Structures are given as structure tokens and as C-alpha cells.
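A short write-up of the structure that comes next.
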Amino acid sequence: MASSSVFSPLFTSLRLPVPTAISCCASPPQGVASAVHDAVPRPVPPLVAVASHRRELVLGAALTAVLSRAPLPPAQAREVEVGTYLPPAPSNPGFVFFRATPKDTPALRAGNVEPYEFILPPTWKQARVANILSGNYCQPKCAEPWVEVKFEDEKQGKVQVVASPLIRLTNKPNATIQDIGSPERLIASLGPFVTGNTFDPDELVDTNVENVDGQTYYSYVLETPLALTGSHNLAKATAKGSTVVLFVASANDKQWPASEKVLKAIVDSFQV
């Protein structure tokens, strides 16, 4: 069966002539010589045989990889609802509890971020974070903020955890969030990571400061009509170790009326 390949012209040009026997005796009659020549099988050019064998090996390896590939863990599978693998939130009926571990992000594996936790509606799904945004390429010493995890629901909105190196905001080692400055000063630096593009101080509607188990948090309400993340944003930030951790919940105008209370409950639950 004839086969077509992008390599065919190359192999044709490299095809070697079939060797013919040299005899010291008289040549056989012309008809007999032709029949003998046609009866002798022509050798397959070595390059063609090698290429065919190599092609079989590559296809076999690819098929083996597909068949043997293990499924992604549920926490990394975009189409799996978090309620199928996260435990119920003890103090928040109707929600599930997420606590980040080193298996979840490069920064947690590198020890650059303290474990954080929050609640989610069970119907939400985890979204993939692009490698260039995850900080995977720069750990353990990233100079710019990166995205830790993202979760979303097409009807209610989305949340994400953004981490920023402390040194980007202050030269004081192990600084608290109060050492960095006021809530307004902090959001002026991290606002673009809330909106996904730019931040205007006029978009800041409300701020709040709270202390939970000795850890101080700044909370924000923002109306951001031009934001890529959504026209309504809630945020909560704190500093711990060498990192400032920012938790952002976003919704568009269509999602906000039905999801405002849910998103506020999610943001209120965030702790490091």
C-alpha cells in the first residue's frame, strides 16, 4: 500500500540504485536477463526503514502516554464542583471549606506564603491559573505579585488570591499591614491587582480594619465600572511573613444583585 509523507521527496532523492551482478561469463539472452532482474526483490532504502520504525515508536509512545495519563486531582479540575471534594464549612451552612496546602501553589511549596482559608458555595469550580501568573517561574524570590488560586461561578462571580512580596511595599522585614500604611495607601499600590487593569481612588467606596486572632486585615468595597475583573469588587488584605496576601471577590452588573451577600460572606471568611 502506497504511503504519503512529507519526507517522501527526500527519500526519493536519496534512493540508491539496485546493485547488479557482474559476471565473467556470457550474458544471458535479453528476455531472460529482464525476467531475472524483475524477480529479484529490491532492498528498502535504509532511511525509509528507519523513518518508518521511528514513526511507529513515536505513535506508540504517544498512545501509551494518553492511555496511562492519570486524571487531574479534583482540586485542579476546572469542571468539578468544589462541593464534590471539599468538606462542609462547620460554621457556615450551605458552604464548603477551602484551606490551601503546599500541593496547591508554587509559593506555598516554596514557603513564601502562609496557608490561607475561606469558604465557597459548593457549586463553584476552581479555575486554572496561567503559569506566567502563578509565580511558578520566579519562586522563591518573586519581585512582582502573582495569583495563587482562582474559583468562579458563571452566575455568581469569581474570587482569587493575589500575593505580593512584602519588599515591594516596604523595606521593613516581617512588617505588619499597619507598618505598610493606611488602608488607602495599600489599595493604591495593589488596586490594579483588584481590577485587572487600573485603579482610581474615586472607585473606593468603603474601607474597614479588623483584627482576628491577632492578625490585622484591611477590607475594601470598590465600584469599578471599567475593571476587567468586574464592575463590583470586594477585597481583603493582610501581611504575614514576607508576603502581603490580597483576597478579591468580583462580579459584573448582572451577577451582583443575586450574589452580593454570597460574595461578602466569602470575603469575610478569608483568613491567613
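We name chains A, B, ... following the order of the C-alpha cells; residues begin at 1 in each chain, and ligands are numbered from 1 as shown.
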Please extract the residues of segment 123-220 of chain A with a backbone DSSP assignment of helix (DSSP H, G or I) and present them as number ranges by chain. A: 166-168, 177-180, 183-195, 201-203
List the neighbours of Val212 of chain A out to 12 Å using only C-alpha atoms; skip same-chain residues closer than 4 positions along the sequence, and give me the result as a list in words.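 Once the adjacent positions are removed, what remains is Thr216, Tyr217, Tyr218, Thr238, Asp268, Ser269, Phe270, Gln271 and Val272 of chain A.
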Output N, CA and C atoms for every residue in the selection just made, as a JSON list (two decimals), in the first residue's frame.
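So the final result, stored in again-v1.json, reads:
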[["chain", "number", "residue", "atom", "x", "y", "z"],
["A", 216, "THR", "N", -4.22, 41.53, 61.69],
["A", 216, "THR", "CA", -4.99, 42.69, 61.22],
["A", 216, "THR", "C", -5.28, 42.57, 59.73],
["A", 217, "TYR", "N", -6.52, 42.88, 59.36],
["A", 217, "TYR", "CA", -6.96, 42.82, 57.97],
["A", 217, "TYR", "C", -7.55, 44.17, 57.55],
["A", 218, "TYR", "N", -7.27, 44.56, 56.32],
["A", 218, "TYR", "CA", -7.93, 45.71, 55.71],
["A", 218, "TYR", "C", -8.97, 45.17, 54.73],
["A", 238, "THR", "N", -4.00, 41.32, 54.12],
["A", 238, "THR", "CA", -3.21, 41.25, 55.36],
["A", 238, "THR", "C", -1.77, 40.96, 55.01],
["A", 268, "ASP", "N", -15.56, 37.78, 53.98],
["A", 268, "ASP", "CA", -15.49, 37.84, 55.45],
["A", 268, "ASP", "C", -14.81, 36.61, 56.04],
["A", 269, "SER", "N", -14.93, 35.47, 55.38],
["A", 269, "SER", "CA", -14.38, 34.22, 55.90],
["A", 269, "SER", "C", -12.87, 34.09, 55.68],
["A", 270, "PHE", "N", -12.31, 34.92, 54.84],
["A", 270, "PHE", "CA", -10.90, 34.78, 54.47],
["A", 270, "PHE", "C", -9.98, 35.04, 55.65],
["A", 271, "GLN", "N", -9.06, 34.11, 55.90],
["A", 271, "GLN", "CA", -8.06, 34.26, 56.96],
["A", 271, "GLN", "C", -6.75, 33.66, 56.52],
["A", 272, "VAL", "N", -5.66, 34.20, 57.08],
["A", 272, "VAL", "CA", -4.31, 33.67, 56.84],
["A", 272, "VAL", "C", -3.76, 33.19, 58.16]]
Counting only C-alpha atoms, which of A:Cys142, A:Val149, A:Val96, A:Ala107 gets nearest to Val129 of chain A?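 Nearest to Val129 of chain A: A:Val149.
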For segment 173-190 of chain A: contacts at 8 Å, only C-alpha atoms, fewer than 5 positions along chain excluded, given as a PDB file with all heavy atoms, in the first residue's frame:
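So the final result, stored in selection06.pdb, reads:
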ATOM      1  N   LEU A 166       6.496  41.386  50.239  1.00  0.00           N
ATOM      2  CA  LEU A 166       6.440  42.491  51.200  1.00  0.00           C
ATOM      3  C   LEU A 166       7.419  43.595  50.820  1.00  0.00           C
ATOM      4  O   LEU A 166       7.121  44.796  50.972  1.00  0.00           O
ATOM      5  CB  LEU A 166       6.748  41.958  52.601  1.00  0.00           C
ATOM      6  CG  LEU A 166       6.521  42.910  53.771  1.00  0.00           C
ATOM      7  CD1 LEU A 166       5.049  43.288  53.869  1.00  0.00           C
ATOM      8  CD2 LEU A 166       6.987  42.259  55.068  1.00  0.00           C
ATOM      9  N   ILE A 167       8.578  43.213  50.298  1.00  0.00           N
ATOM     10  CA  ILE A 167       9.612  44.193  49.974  1.00  0.00           C
ATOM     11  C   ILE A 167       9.168  45.153  48.879  1.00  0.00           C
ATOM     12  O   ILE A 167       9.725  46.237  48.719  1.00  0.00           O
ATOM     13  CB  ILE A 167      10.922  43.463  49.566  1.00  0.00           C
ATOM     14  CG1 ILE A 167      12.104  44.424  49.606  1.00  0.00           C
ATOM     15  CG2 ILE A 167      10.767  42.823  48.194  1.00  0.00           C
ATOM     16  CD1 ILE A 167      13.447  43.754  49.413  1.00  0.00           C
ATOM     17  N   PHE A 199      -6.550  51.483  38.660  1.00  0.00           N
ATOM     18  CA  PHE A 199      -7.307  51.797  39.869  1.00  0.00           C
ATOM     19  C   PHE A 199      -7.375  53.303  40.052  1.00  0.00           C
ATOM     20  O   PHE A 199      -6.360  54.005  39.978  1.00  0.00           O
ATOM     21  CB  PHE A 199      -6.657  51.155  41.097  1.00  0.00           C
ATOM     22  CG  PHE A 199      -7.262  51.613  42.390  1.00  0.00           C
ATOM     23  CD1 PHE A 199      -8.530  51.186  42.764  1.00  0.00           C
ATOM     24  CD2 PHE A 199      -6.581  52.495  43.229  1.00  0.00           C
ATOM     25  CE1 PHE A 199      -9.105  51.627  43.949  1.00  0.00           C
ATOM     26  CE2 PHE A 199      -7.140  52.931  44.414  1.00  0.00           C
ATOM     27  CZ  PHE A 199      -8.412  52.497  44.774  1.00  0.00           C
ATOM     28  N   PRO A 201      -8.672  56.195  42.817  1.00  0.00           N
ATOM     29  CA  PRO A 201      -9.099  56.338  44.220  1.00  0.00           C
ATOM     30  C   PRO A 201     -10.584  56.630  44.375  1.00  0.00           C
ATOM     31  O   PRO A 201     -11.181  56.284  45.410  1.00  0.00           O
ATOM     32  CB  PRO A 201      -8.247  57.516  44.718  1.00  0.00           C
ATOM     33  CG  PRO A 201      -7.022  57.486  43.856  1.00  0.00           C
ATOM     34  CD  PRO A 201      -7.489  57.027  42.515  1.00  0.00           C
ATOM     35  N   THR A 207     -13.885  51.316  53.427  1.00  0.00           N
ATOM     36  CA  THR A 207     -12.772  50.536  53.969  1.00  0.00           C
ATOM     37  C   THR A 207     -13.101  50.155  55.407  1.00  0.00           C
ATOM     38  O   THR A 207     -13.921  50.794  56.074  1.00  0.00           O
ATOM     39  CB  THR A 207     -11.454  51.333  53.969  1.00  0.00           C
ATOM     40  OG1 THR A 207     -11.586  52.478  54.826  1.00  0.00           O
ATOM     41  CG2 THR A 207     -11.095  51.786  52.566  1.00  0.00           C
ATOM     42  N   ASN A 208     -12.433  49.112  55.875  1.00  0.00           N
ATOM     43  CA  ASN A 208     -12.651  48.664  57.247  1.00  0.00           C
ATOM     44  C   ASN A 208     -11.381  47.988  57.757  1.00  0.00           C
ATOM     45  O   ASN A 208     -10.630  47.386  56.980  1.00  0.00           O
ATOM     46  CB  ASN A 208     -13.819  47.680  57.308  1.00  0.00           C
ATOM     47  CG  ASN A 208     -14.148  47.288  58.742  1.00  0.00           C
ATOM     48  OD1 ASN A 208     -14.258  48.148  59.618  1.00  0.00           O
ATOM     49  ND2 ASN A 208     -14.300  45.989  58.981  1.00  0.00           N
ATOM     50  N   VAL A 209     -11.132  48.112  59.044  1.00  0.00           N
ATOM     51  CA  VAL A 209      -9.975  47.468  59.672  1.00  0.00           C
ATOM     52  C   VAL A 209     -10.487  46.545  60.762  1.00  0.00           C
ATOM     53  O   VAL A 209     -11.296  46.960  61.603  1.00  0.00           O
ATOM     54  CB  VAL A 209      -9.010  48.512  60.276  1.00  0.00           C
ATOM     55  CG1 VAL A 209      -7.819  47.808  60.932  1.00  0.00           C
ATOM     56  CG2 VAL A 209      -8.537  49.494  59.213  1.00  0.00           C
ATOM     57  N   THR A 216      -4.222  41.529  61.692  1.00  0.00           N
ATOM     58  CA  THR A 216      -4.985  42.686  61.220  1.00  0.00           C
ATOM     59  C   THR A 216      -5.280  42.565  59.728  1.00  0.00           C
ATOM     60  O   THR A 216      -4.398  42.200  58.936  1.00  0.00           O
ATOM     61  CB  THR A 216      -4.229  43.991  61.487  1.00  0.00           C
ATOM     62  OG1 THR A 216      -3.988  44.104  62.896  1.00  0.00           O
ATOM     63  CG2 THR A 216      -5.031  45.193  61.017  1.00  0.00           C
ATOM     64  N   TYR A 217      -6.515  42.880  59.361  1.00  0.00           N
ATOM     65  CA  TYR A 217      -6.965  42.817  57.966  1.00  0.00           C
ATOM     66  C   TYR A 217      -7.547  44.167  57.551  1.00  0.00           C
ATOM     67  O   TYR A 217      -8.244  44.818  58.336  1.00  0.00           O
ATOM     68  CB  TYR A 217      -8.043  41.739  57.786  1.00  0.00           C
ATOM     69  CG  TYR A 217      -7.578  40.331  58.068  1.00  0.00           C
ATOM     70  CD1 TYR A 217      -7.547  39.824  59.370  1.00  0.00           C
ATOM     71  CD2 TYR A 217      -7.169  39.489  57.032  1.00  0.00           C
ATOM     72  CE1 TYR A 217      -7.126  38.532  59.630  1.00  0.00           C
ATOM     73  CE2 TYR A 217      -6.747  38.197  57.285  1.00  0.00           C
ATOM     74  CZ  TYR A 217      -6.726  37.721  58.576  1.00  0.00           C
ATOM     75  OH  TYR A 217      -6.305  36.432  58.831  1.00  0.00           O
ATOM     76  N   TYR A 218      -7.272  44.559  56.316  1.00  0.00           N
ATOM     77  CA  TYR A 218      -7.930  45.710  55.709  1.00  0.00           C
ATOM     78  C   TYR A 218      -8.973  45.171  54.730  1.00  0.00           C
ATOM     79  O   TYR A 218      -8.669  44.301  53.901  1.00  0.00           O
ATOM     80  CB  TYR A 218      -6.932  46.560  54.929  1.00  0.00           C
ATOM     81  CG  TYR A 218      -5.939  47.333  55.769  1.00  0.00           C
ATOM     82  CD1 TYR A 218      -4.855  47.975  55.170  1.00  0.00           C
ATOM     83  CD2 TYR A 218      -6.072  47.434  57.156  1.00  0.00           C
ATOM     84  CE1 TYR A 218      -3.932  48.687  55.920  1.00  0.00           C
ATOM     85  CE2 TYR A 218      -5.157  48.136  57.912  1.00  0.00           C
ATOM     86  CZ  TYR A 218      -4.079  48.764  57.288  1.00  0.00           C
ATOM     87  OH  TYR A 218      -3.175  49.465  58.047  1.00  0.00           O
ATOM     88  N   SER A 219     -10.198  45.705  54.814  1.00  0.00           N
ATOM     89  CA  SER A 219     -11.267  45.283  53.902  1.00  0.00           C
ATOM     90  C   SER A 219     -11.711  46.462  53.040  1.00  0.00           C
ATOM     91  O   SER A 219     -11.695  47.619  53.499  1.00  0.00           O
ATOM     92  CB  SER A 219     -12.454  44.726  54.683  1.00  0.00           C
ATOM     93  OG  SER A 219     -12.077  43.586  55.427  1.00  0.00           O
ATOM     94  N   THR A 238      -3.997  41.318  54.124  1.00  0.00           N
ATOM     95  CA  THR A 238      -3.212  41.249  55.361  1.00  0.00           C
ATOM     96  C   THR A 238      -1.765  40.960  55.008  1.00  0.00           C
ATOM     97  O   THR A 238      -1.454  40.558  53.878  1.00  0.00           O
ATOM     98  CB  THR A 238      -3.758  40.172  56.309  1.00  0.00           C
ATOM     99  OG1 THR A 238      -3.164  40.331  57.608  1.00  0.00           O
ATOM    100  CG2 THR A 238      -3.452  38.767  55.798  1.00  0.00           C
ATOM    101  N   ALA A 239      -0.878  41.180  55.955  1.00  0.00           N
ATOM    102  CA  ALA A 239       0.548  40.899  55.758  1.00  0.00           C
ATOM    103  C   ALA A 239       0.998  39.876  56.781  1.00  0.00           C
ATOM    104  O   ALA A 239       0.655  39.981  57.975  1.00  0.00           O
ATOM    105  CB  ALA A 239       1.368  42.183  55.907  1.00  0.00           C
ATOM    106  N   LYS A 240       1.747  38.895  56.303  1.00  0.00           N
ATOM    107  CA  LYS A 240       2.263  37.877  57.215  1.00  0.00           C
ATOM    108  C   LYS A 240       3.547  37.303  56.626  1.00  0.00           C
ATOM    109  O   LYS A 240       3.578  36.943  55.444  1.00  0.00           O
ATOM    110  CB  LYS A 240       1.236  36.764  57.432  1.00  0.00           C
ATOM    111  CG  LYS A 240       1.554  35.861  58.619  1.00  0.00           C
ATOM    112  CD  LYS A 240       0.371  34.988  58.976  1.00  0.00           C
ATOM    113  CE  LYS A 240       0.621  34.202  60.252  1.00  0.00           C
ATOM    114  NZ  LYS A 240      -0.551  33.376  60.636  1.00  0.00           N
ATOM    115  N   GLY A 241       4.582  37.220  57.457  1.00  0.00           N
ATOM    116  CA  GLY A 241       5.857  36.733  56.952  1.00  0.00           C
ATOM    117  C   GLY A 241       6.449  37.720  55.960  1.00  0.00           C
ATOM    118  O   GLY A 241       6.561  38.910  56.234  1.00  0.00           O
ATOM    119  N   SER A 242       6.777  37.240  54.780  1.00  0.00           N
ATOM    120  CA  SER A 242       7.400  38.091  53.758  1.00  0.00           C
ATOM    121  C   SER A 242       6.436  38.456  52.640  1.00  0.00           C
ATOM    122  O   SER A 242       6.855  38.885  51.568  1.00  0.00           O
ATOM    123  CB  SER A 242       8.612  37.368  53.151  1.00  0.00           C
ATOM    124  OG  SER A 242       8.201  36.146  52.536  1.00  0.00           O
ATOM    125  N   VAL A 244       2.354  40.029  51.411  1.00  0.00           N
ATOM    126  CA  VAL A 244       1.027  40.607  51.594  1.00  0.00           C
ATOM    127  C   VAL A 244       0.060  39.774  50.764  1.00  0.00           C
ATOM    128  O   VAL A 244       0.303  39.531  49.572  1.00  0.00           O
ATOM    129  CB  VAL A 244       0.981  42.073  51.140  1.00  0.00           C
ATOM    130  CG1 VAL A 244      -0.455  42.601  51.181  1.00  0.00           C
ATOM    131  CG2 VAL A 244       1.883  42.932  52.016  1.00  0.00           C
TER     132      VAL A 244
END
With only C-alpha atoms as the counted atoms, please give the residues lying no more than 8 Å from segment 222-237 of chain A, apart from itself and same-chain residues fewer than 3 positions off, as a list of chain:residue names. A:Val194, A:Thr195, A:Gly196, A:Asn197, A:Thr198, A:Glu203, A:Leu204, A:Val205, A:Asp206, A:Tyr217, A:Tyr218, A:Ser219, A:Val244, A:Val245, A:Leu246, A:Phe247, A:Val248, A:Ala249, A:Ser250, A:Ala251, A:Asn252, A:Asp253, A:Trp256, A:Leu263, A:Lys264, A:Val267, A:Phe270
Any idea what's packed within 10 Å of segment 117-125 of chain A, counting only C-alpha atoms, ignoring anything in its chain fewer than 6 positions away? Could you give it as an MDAnalysis selection string? chainID A and resid 74:101 150:159 247 262:263 265:272
Could you jot down the atom CA of Glu148 of chain A to atom CA of Ala130 of chain A separation for me, Å, one decimal place?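 One can read the atom CA of Glu148 of chain A to atom CA of Ala130 of chain A distance as 10.2 Å.
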Please identify the strand (DSSP E or B) residues within segment 108-258 of chain A (assignment by DSSP from backbone atoms) and present them as a VMD selection string. chain A and resid 117 to 120 125 to 127 146 to 153 157 to 165 204 to 212 215 to 223 232 to 240 243 to 251
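Atom pair atom CA of Asp202 of chain A / atom CA of Tyr116 of chain A: separated by 29.8 Å.
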Mind pulling up the distance from atom CA of Gln139 of chain A to atom CA of Thr105 of chain A? 10.5 Å
